[in-house]
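Undergrad: So I've got this file, entry-v2.cif, and it contains mmCIF, C-alpha atoms:
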```cif
data_start
loop_
_atom_site.label_atom_id
_atom_site.label_comp_id
_atom_site.auth_asym_id
_atom_site.auth_seq_id
_atom_site.Cartn_x
_atom_site.Cartn_y
_atom_site.Cartn_z
CA MET A 1 -125.35 -128.52 47.24
CA ILE A 2 -126.34 -130.53 50.30
CA GLU A 3 -129.79 -130.24 51.80
CA ILE A 4 -132.37 -131.87 54.00
CA THR A 5 -135.78 -130.57 53.02
CA HIS A 6 -139.46 -130.89 53.87
CA GLU A 7 -140.38 -129.95 50.30
CA LYS A 8 -140.74 -132.11 47.19
CA ILE A 9 -137.35 -132.54 45.53
CA ASN A 10 -136.77 -131.44 41.95
CA PRO A 11 -134.06 -133.82 40.63
CA GLU A 12 -133.21 -131.46 37.78
CA ILE A 13 -132.13 -128.70 40.17
CA ILE A 14 -129.94 -131.11 42.17
CA THR A 15 -128.44 -132.44 38.93
CA GLN A 16 -127.78 -128.98 37.51
CA ALA A 17 -125.83 -128.04 40.62
CA THR A 18 -123.10 -130.50 39.55
CA MET A 19 -122.85 -129.36 35.92
CA LYS A 20 -119.51 -128.07 34.67
CA ASP A 21 -117.87 -127.99 31.24
CA THR A 22 -115.00 -130.20 32.45
CA ASN A 23 -117.45 -132.98 33.33
CA GLY A 24 -118.55 -135.45 30.66
CA ALA A 25 -120.92 -137.52 32.78
CA ILE A 26 -123.54 -137.03 35.45
CA VAL A 27 -125.15 -139.92 37.31
CA THR A 28 -128.32 -138.97 39.19
CA PHE A 29 -129.83 -141.51 41.58
CA LEU A 30 -133.44 -141.14 42.68
CA GLY A 31 -134.59 -143.03 45.76
CA THR A 32 -138.37 -143.52 45.69
CA THR A 33 -140.75 -144.91 48.27
CA ARG A 34 -142.16 -148.43 47.81
CA ASP A 35 -145.83 -149.30 48.20
CA SER A 36 -145.51 -152.54 50.14
CA PHE A 37 -143.56 -154.43 52.79
CA ASP A 38 -143.97 -158.15 53.42
CA GLY A 39 -147.27 -158.14 51.55
CA LYS A 40 -148.67 -155.22 53.54
CA ARG A 41 -149.74 -152.08 51.74
CA VAL A 42 -147.84 -148.97 52.73
CA ILE A 43 -150.14 -145.93 52.84
CA THR A 44 -147.47 -143.28 53.40
CA LEU A 45 -143.99 -142.79 54.84
CA GLU A 46 -142.64 -140.54 57.55
CA TYR A 47 -138.98 -139.51 57.60
CA GLU A 48 -137.23 -138.01 60.57
CA ALA A 49 -133.66 -136.66 60.80
CA TYR A 50 -131.22 -135.50 63.43
CA GLU A 51 -130.56 -132.65 61.03
CA LYS A 52 -127.41 -131.17 62.52
CA MET A 53 -125.57 -134.49 62.61
CA ALA A 54 -127.10 -135.67 59.34
CA LEU A 55 -125.71 -132.63 57.49
CA GLN A 56 -122.33 -133.13 59.13
CA LYS A 57 -122.25 -136.82 58.16
CA LEU A 58 -123.40 -136.04 54.61
CA ASN A 59 -120.54 -133.56 54.31
CA GLU A 60 -118.07 -136.13 55.61
CA ILE A 61 -119.10 -138.93 53.26
CA ILE A 62 -119.21 -136.55 50.30
CA ASN A 63 -115.69 -135.32 51.02
CA ASP A 64 -114.44 -138.91 51.42
CA VAL A 65 -116.04 -140.04 48.16
CA LYS A 66 -114.70 -136.99 46.30
CA LYS A 67 -111.18 -137.90 47.38
CA GLU A 68 -111.53 -141.64 46.73
CA TYR A 69 -112.94 -141.23 43.21
CA ASN A 70 -111.17 -137.99 42.33
CA ILE A 71 -114.47 -136.19 41.79
CA ASP A 72 -115.27 -132.51 42.33
CA ASP A 73 -119.02 -132.24 41.97
CA ILE A 74 -121.62 -133.99 44.13
CA SER A 75 -125.09 -132.82 45.17
CA ILE A 76 -127.48 -134.47 47.60
CA SER A 77 -131.02 -133.73 48.69
CA HIS A 78 -132.89 -135.85 51.23
CA ARG A 79 -136.55 -135.22 51.91
CA ILE A 80 -137.99 -135.63 55.42
CA GLY A 81 -141.46 -135.40 56.92
CA THR A 82 -144.41 -137.08 55.21
CA VAL A 83 -143.53 -138.57 51.81
CA GLY A 84 -146.24 -140.21 49.74
CA VAL A 85 -145.79 -143.63 48.14
CA GLY A 86 -143.96 -143.43 44.81
CA GLU A 87 -142.45 -140.04 45.57
CA ILE A 88 -138.77 -139.14 45.58
CA SER A 89 -137.15 -139.24 49.02
CA LEU A 90 -133.51 -138.95 47.95
CA VAL A 91 -131.56 -137.47 45.05
CA VAL A 92 -127.81 -137.98 44.66
CA ALA A 93 -126.08 -136.41 41.64
CA VAL A 94 -122.44 -137.12 40.86
CA ALA A 95 -120.58 -135.52 37.96
CA SER A 96 -117.15 -136.47 36.68
CA PRO A 97 -115.07 -136.26 33.50
CA HIS A 98 -115.92 -139.93 32.69
CA ARG A 99 -118.94 -142.08 33.53
CA LEU A 100 -117.40 -145.04 35.39
CA GLU A 101 -116.23 -142.98 38.37
CA ALA A 102 -119.59 -141.21 38.52
CA PHE A 103 -121.54 -144.51 38.65
CA GLN A 104 -119.23 -146.01 41.25
CA ALA A 105 -119.06 -142.90 43.42
CA CYS A 106 -122.85 -142.53 43.35
CA ASN A 107 -123.34 -146.13 44.47
CA THR A 108 -120.78 -145.79 47.26
CA LEU A 109 -122.39 -142.58 48.47
CA VAL A 110 -125.86 -144.12 48.73
CA ASP A 111 -124.40 -147.13 50.58
CA ARG A 112 -122.67 -144.92 53.12
CA LEU A 113 -125.67 -142.65 53.51
CA LYS A 114 -127.80 -145.65 54.44
CA ASP A 115 -125.11 -146.77 56.87
CA VAL A 116 -124.20 -143.67 58.89
CA VAL A 117 -126.50 -140.69 58.27
CA PRO A 118 -129.02 -140.29 61.11
CA ILE A 119 -132.26 -140.31 59.13
CA TRP A 120 -135.13 -142.69 59.91
CA LYS A 121 -138.01 -143.98 57.85
CA LYS A 122 -141.36 -145.12 59.20
CA GLU A 123 -143.82 -147.04 57.05
CA VAL A 124 -147.46 -146.37 57.82
CA TYR A 125 -149.95 -149.21 57.11
CA SER A 126 -153.72 -149.22 57.52
CA ASP A 127 -153.29 -151.17 60.77
CA GLY A 128 -150.04 -149.89 62.23
CA THR A 129 -146.55 -148.54 61.61
CA ARG A 130 -142.96 -149.80 61.39
CA TRP A 131 -139.65 -147.99 61.90
CA VAL A 132 -137.59 -149.61 59.16
CA GLY A 133 -134.57 -151.48 60.54
CA SER A 134 -135.60 -151.10 64.18
CA GLU A 135 -137.27 -154.53 64.51
CA ASN A 136 -134.68 -155.85 66.98
CA VAL A 137 -133.96 -152.68 68.90
CA MET B 1 -124.39 -133.56 86.36
CA LYS B 2 -127.82 -133.65 84.74
CA LEU B 3 -127.72 -134.52 81.06
CA GLU B 4 -130.42 -134.10 78.45
CA ILE B 5 -130.61 -137.08 76.10
CA ILE B 6 -132.24 -136.34 72.75
CA LEU B 7 -134.44 -139.07 71.27
CA PHE B 8 -135.50 -139.79 67.71
CA ALA B 9 -137.68 -142.27 65.84
CA ILE B 10 -138.44 -145.49 67.74
CA TYR B 11 -136.84 -144.26 70.99
CA LYS B 12 -138.90 -141.07 70.91
CA GLU B 13 -142.07 -143.09 70.35
CA ARG B 14 -141.30 -145.52 73.15
CA ALA B 15 -140.42 -142.77 75.65
CA LYS B 16 -143.34 -140.60 74.43
CA ALA B 17 -140.90 -137.68 74.70
CA SER B 18 -138.30 -136.03 72.48
CA SER B 19 -135.75 -136.05 75.31
CA ILE B 20 -135.12 -137.56 78.74
CA TYR B 21 -132.90 -136.39 81.61
CA ILE B 22 -130.29 -138.53 83.33
CA GLU B 23 -128.34 -137.64 86.48
CA LEU B 24 -124.74 -138.88 86.41
CA MET B 25 -121.52 -138.37 88.39
CA THR B 26 -119.04 -135.94 86.83
CA ASP B 27 -116.70 -137.64 84.34
CA SER B 28 -119.09 -140.52 83.72
CA THR B 29 -118.73 -142.38 80.44
CA VAL B 30 -121.14 -143.17 77.63
CA GLY B 31 -121.20 -146.78 78.90
CA GLN B 32 -122.33 -145.63 82.35
CA LEU B 33 -124.96 -143.43 80.76
CA ILE B 34 -126.35 -146.38 78.82
CA SER B 35 -126.50 -148.57 81.94
CA LYS B 36 -128.47 -145.89 83.74
CA ILE B 37 -130.82 -145.34 80.80
CA LYS B 38 -131.54 -149.07 80.64
CA ASN B 39 -132.32 -149.09 84.37
CA GLU B 40 -134.45 -145.97 84.46
CA TYR B 41 -136.17 -146.35 81.08
CA PRO B 42 -136.57 -150.10 80.50
CA GLU B 43 -139.28 -149.36 77.92
CA LEU B 44 -136.69 -147.76 75.60
CA ALA B 45 -134.79 -150.90 74.63
CA ALA B 46 -134.54 -154.58 75.52
CA PRO B 47 -131.73 -155.17 78.07
CA GLU B 48 -129.53 -157.16 75.69
CA THR B 49 -129.67 -154.75 72.75
CA GLU B 50 -126.90 -152.29 71.98
CA ILE B 51 -127.78 -148.59 72.09
CA VAL B 52 -125.76 -146.35 69.78
CA VAL B 53 -124.98 -142.88 71.12
CA ALA B 54 -123.87 -139.70 69.37
CA VAL B 55 -122.03 -137.04 71.34
CA ASN B 56 -121.74 -133.62 69.69
CA SER B 57 -122.83 -135.13 66.34
CA GLU B 58 -120.19 -137.90 66.34
CA TYR B 59 -120.76 -141.60 67.01
CA ALA B 60 -119.32 -142.22 70.47
CA GLU B 61 -117.43 -145.18 71.96
CA TYR B 62 -118.63 -146.46 75.34
CA ASP B 63 -115.42 -145.31 77.09
CA LEU B 64 -115.86 -141.66 76.06
CA GLN B 65 -116.12 -139.31 79.05
CA LEU B 66 -119.12 -136.99 79.09
CA ASN B 67 -119.18 -133.28 79.85
CA PRO B 68 -122.17 -131.29 81.14
CA ASN B 69 -122.48 -129.29 77.90
CA ASP B 70 -122.33 -132.23 75.50
CA GLU B 71 -125.18 -132.69 73.04
CA ILE B 72 -126.13 -136.33 73.50
CA CYS B 73 -128.48 -138.27 71.27
CA LEU B 74 -129.54 -141.92 71.06
CA ILE B 75 -129.30 -143.18 67.49
CA PRO B 76 -131.60 -146.06 66.51
CA PRO B 77 -130.60 -148.03 63.39
CA VAL B 78 -130.59 -145.48 60.56
CA SER B 79 -132.81 -146.08 57.53
CA GLY B 80 -132.48 -143.10 55.24
CA GLY B 81 -132.65 -143.23 51.48
#
```
Go through the file and emit its structure as structure tokens.
TA:
Amino acid sequence: MIEITHEKINPEIITQATMKDTNGAIVTFLGTTRDSFDGKRVITLEYEAYEKMALQKLNEIINDVKKEYNIDDISISHRIGTVGVGEISLVVAVASPHRLEAFQACNTLVDRLKDVVPIWKKEVYSDGTRWVGSENV
Amino acid sequence: MKLEIILFAIYKERAKASSIYIELMTDSTVGQLISKIKNEYPELAAPETEIVVAVNSEYAEYDLQLNPNDEICLIPPVSGG
């Protein structure tokens, strides 16, 4: 299961999508939104995606990670649009026969997602906004 | 050829538009496109900064030749998660 959604994410559904009797471990990562940056209070966050390419890139990195860690079952959901502080913006679930591969594969996937998938996060403060990572663009 | 360039995030905000149009000679490259964008839309990015381009949903090198039907998008630094 791979999705980009405007709705609240239910981590249990994403996790269940990876369940299989041959797997003995599932690692589910939840990315949640922080309430401050550099001492400034974040009121809310806005996510935007180039959905077509984002889904393609998610598929690519999932297939790569499956091969590298010899894993069959990975699910990802990324929320876009307005996401309140403290809410879940990302769920990555990785299932494998043993836990080490699941932990490592999950970490690698989140790293690569943050590196190549065209999704952008804007922090909204009481006195302005900031596109995260675009300070020197 | 007239190309539509799709904008997201900080580029969309700076251009106050979700796409811009650039006129280029046939067989122009991504590098030539970027030079023209920097000339015609100086508000998009500082002259010395690199602009990353995706062509048909793949990150593109600056020597890639463009076709009239390509889907072209400027990709600001990604920050998902």
Undergrad: Under the PyMOL selection byres ((chain B) within 6 of (chain A)), which residues of this model are included? Write them out as a short mmCIF file (atom, residue, chain, number, x, y, z; two decimals) with C-alpha atoms, keeping the file's coordinate frame.
TA:
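So the final result, stored in out_33.cif, reads:
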```cif
data_model
loop_
_atom_site.label_atom_id
_atom_site.label_comp_id
_atom_site.auth_asym_id
_atom_site.auth_seq_id
_atom_site.Cartn_x
_atom_site.Cartn_y
_atom_site.Cartn_z
CA SER B 57 -122.83 -135.13 66.34
CA PRO B 77 -130.60 -148.03 63.39
CA VAL B 78 -130.59 -145.48 60.56
CA SER B 79 -132.81 -146.08 57.53
CA GLY B 80 -132.48 -143.10 55.24
CA GLY B 81 -132.65 -143.23 51.48
#
```
Undergrad: Can you list what the PyMOL selection byres ((chain B and resi 31) around 8) grabs from this structure, as a PyMOL selection string?
TA: chain B and resi 29-30+32-35+62-64
Undergrad: Find the spatial neighbours of Asn23 (chain A), counting only C-alpha atoms, within a cut-off of 9 Å - ignore same-chain residues fewer than 3 positions away - and output them as a JSON list (two decimals) with C-alpha atoms, in the coordinates of the input.
TA:
```json
[["chain", "number", "residue", "atom", "x", "y", "z"],
["A", 18, "THR", "CA", -123.10, -130.50, 39.55],
["A", 19, "MET", "CA", -122.85, -129.36, 35.92],
["A", 20, "LYS", "CA", -119.51, -128.07, 34.67],
["A", 26, "ILE", "CA", -123.54, -137.03, 35.45],
["A", 73, "ASP", "CA", -119.02, -132.24, 41.97],
["A", 95, "ALA", "CA", -120.58, -135.52, 37.96],
["A", 96, "SER", "CA", -117.15, -136.47, 36.68],
["A", 97, "PRO", "CA", -115.07, -136.26, 33.50],
["A", 98, "HIS", "CA", -115.92, -139.93, 32.69]]
```
Undergrad: How many Å lie between CA of Thr82 (chain A) and CA of Gly128 (chain A), rounded to one decimal?
TA: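 A separation of 15.7 Å between them.
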Undergrad: As a check of understanding, name the residues that the PyMOL selection byres ((chain B and resi 69) around 12) selects in the supplied structure, as a list of chain:residue names.
TA: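 When the PyMOL selection byres ((chain B and resi 69) around 12) is applied to the shown file, the picked residues are B:Met1, B:Lys2, B:Leu3, B:Glu4, B:Ile5, B:Thr26, B:Val55, B:Asn56, B:Gln65, B:Leu66, B:Asn67, B:Pro68, B:Asp70, B:Glu71, B:Ile72.
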Undergrad: One decimal, in Å: what's the spacing between CA of Ser77 (chain A) and CA of Asp38 (chain A)?
TA: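 CA of Asp38 (chain A) lies at a distance of 28.0 Å from CA of Ser77 (chain A).
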Undergrad: Measuring atom to atom with all atoms listed in the file, identify which of B:Ser28, B:Glu58, B:Tyr11, B:Ser18 is nearest to Ala46 (chain B).
TA: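 Looking at the shortest contact to Ala46 (chain B), the residue is B:Tyr11.
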Undergrad: Nearest residue to Ile76 (chain A) out of A:Leu100, A:Asn107, A:Val94, A:Glu60, using all atoms listed in the file?
TA: A:Val94
Undergrad: Could you tell me which of B:Met25, B:Ala17, B:Ile37, B:Ile6 comes closest to Glu50 (chain B) if we count only C-alpha atoms?
TA: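 Smallest separation from Glu50 (chain B) among the options: B:Ile37.
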Undergrad: Considering all atoms listed in the file, can you say which of A:Leu109, A:Leu45, A:Leu58, A:Ala102 comes closest to Val124 (chain A)?
TA: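 Nearest candidate to Val124 (chain A) out of A:Leu109, A:Leu45, A:Leu58, A:Ala102: A:Leu45.
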Undergrad: As an exercise, work out the distance from CA of Glu23 (chain B) to CA of Lys36 (chain B) in Å and give it to one decimal place.
TA: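 Separating CA of Glu23 (chain B) from CA of Lys36 (chain B) is a distance of 8.7 Å.
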Undergrad: B:Ala15, B:Leu74, B:Phe8, B:Leu24: which is nearest Pro42 (chain B), counting all atoms listed in the file?
TA: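 With all atoms listed in the file as the atom set, the closest residue is B:Ala15.
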Undergrad: Pick from A:Cys106, A:Arg34, A:Glu87, A:Lys40: nearest to Tyr69 (chain A), with all atoms listed in the file counted?
TA: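 Answer, going by the shortest atom-to-atom distance: A:Cys106.
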Undergrad: Could you work out an axis-aligned bounding box for all listed atoms of region 55-71 of chain B, with 4 Å added on each of the six sides, and give its centre and edge lengths in Å to one decimal, as AutoDock Vina command-line options?
TA:
```
--center_x -120.3 --center_y -137.9 --center_z 73.7 --size_x 17.8 --size_y 25.2 --size_z 22.8
```
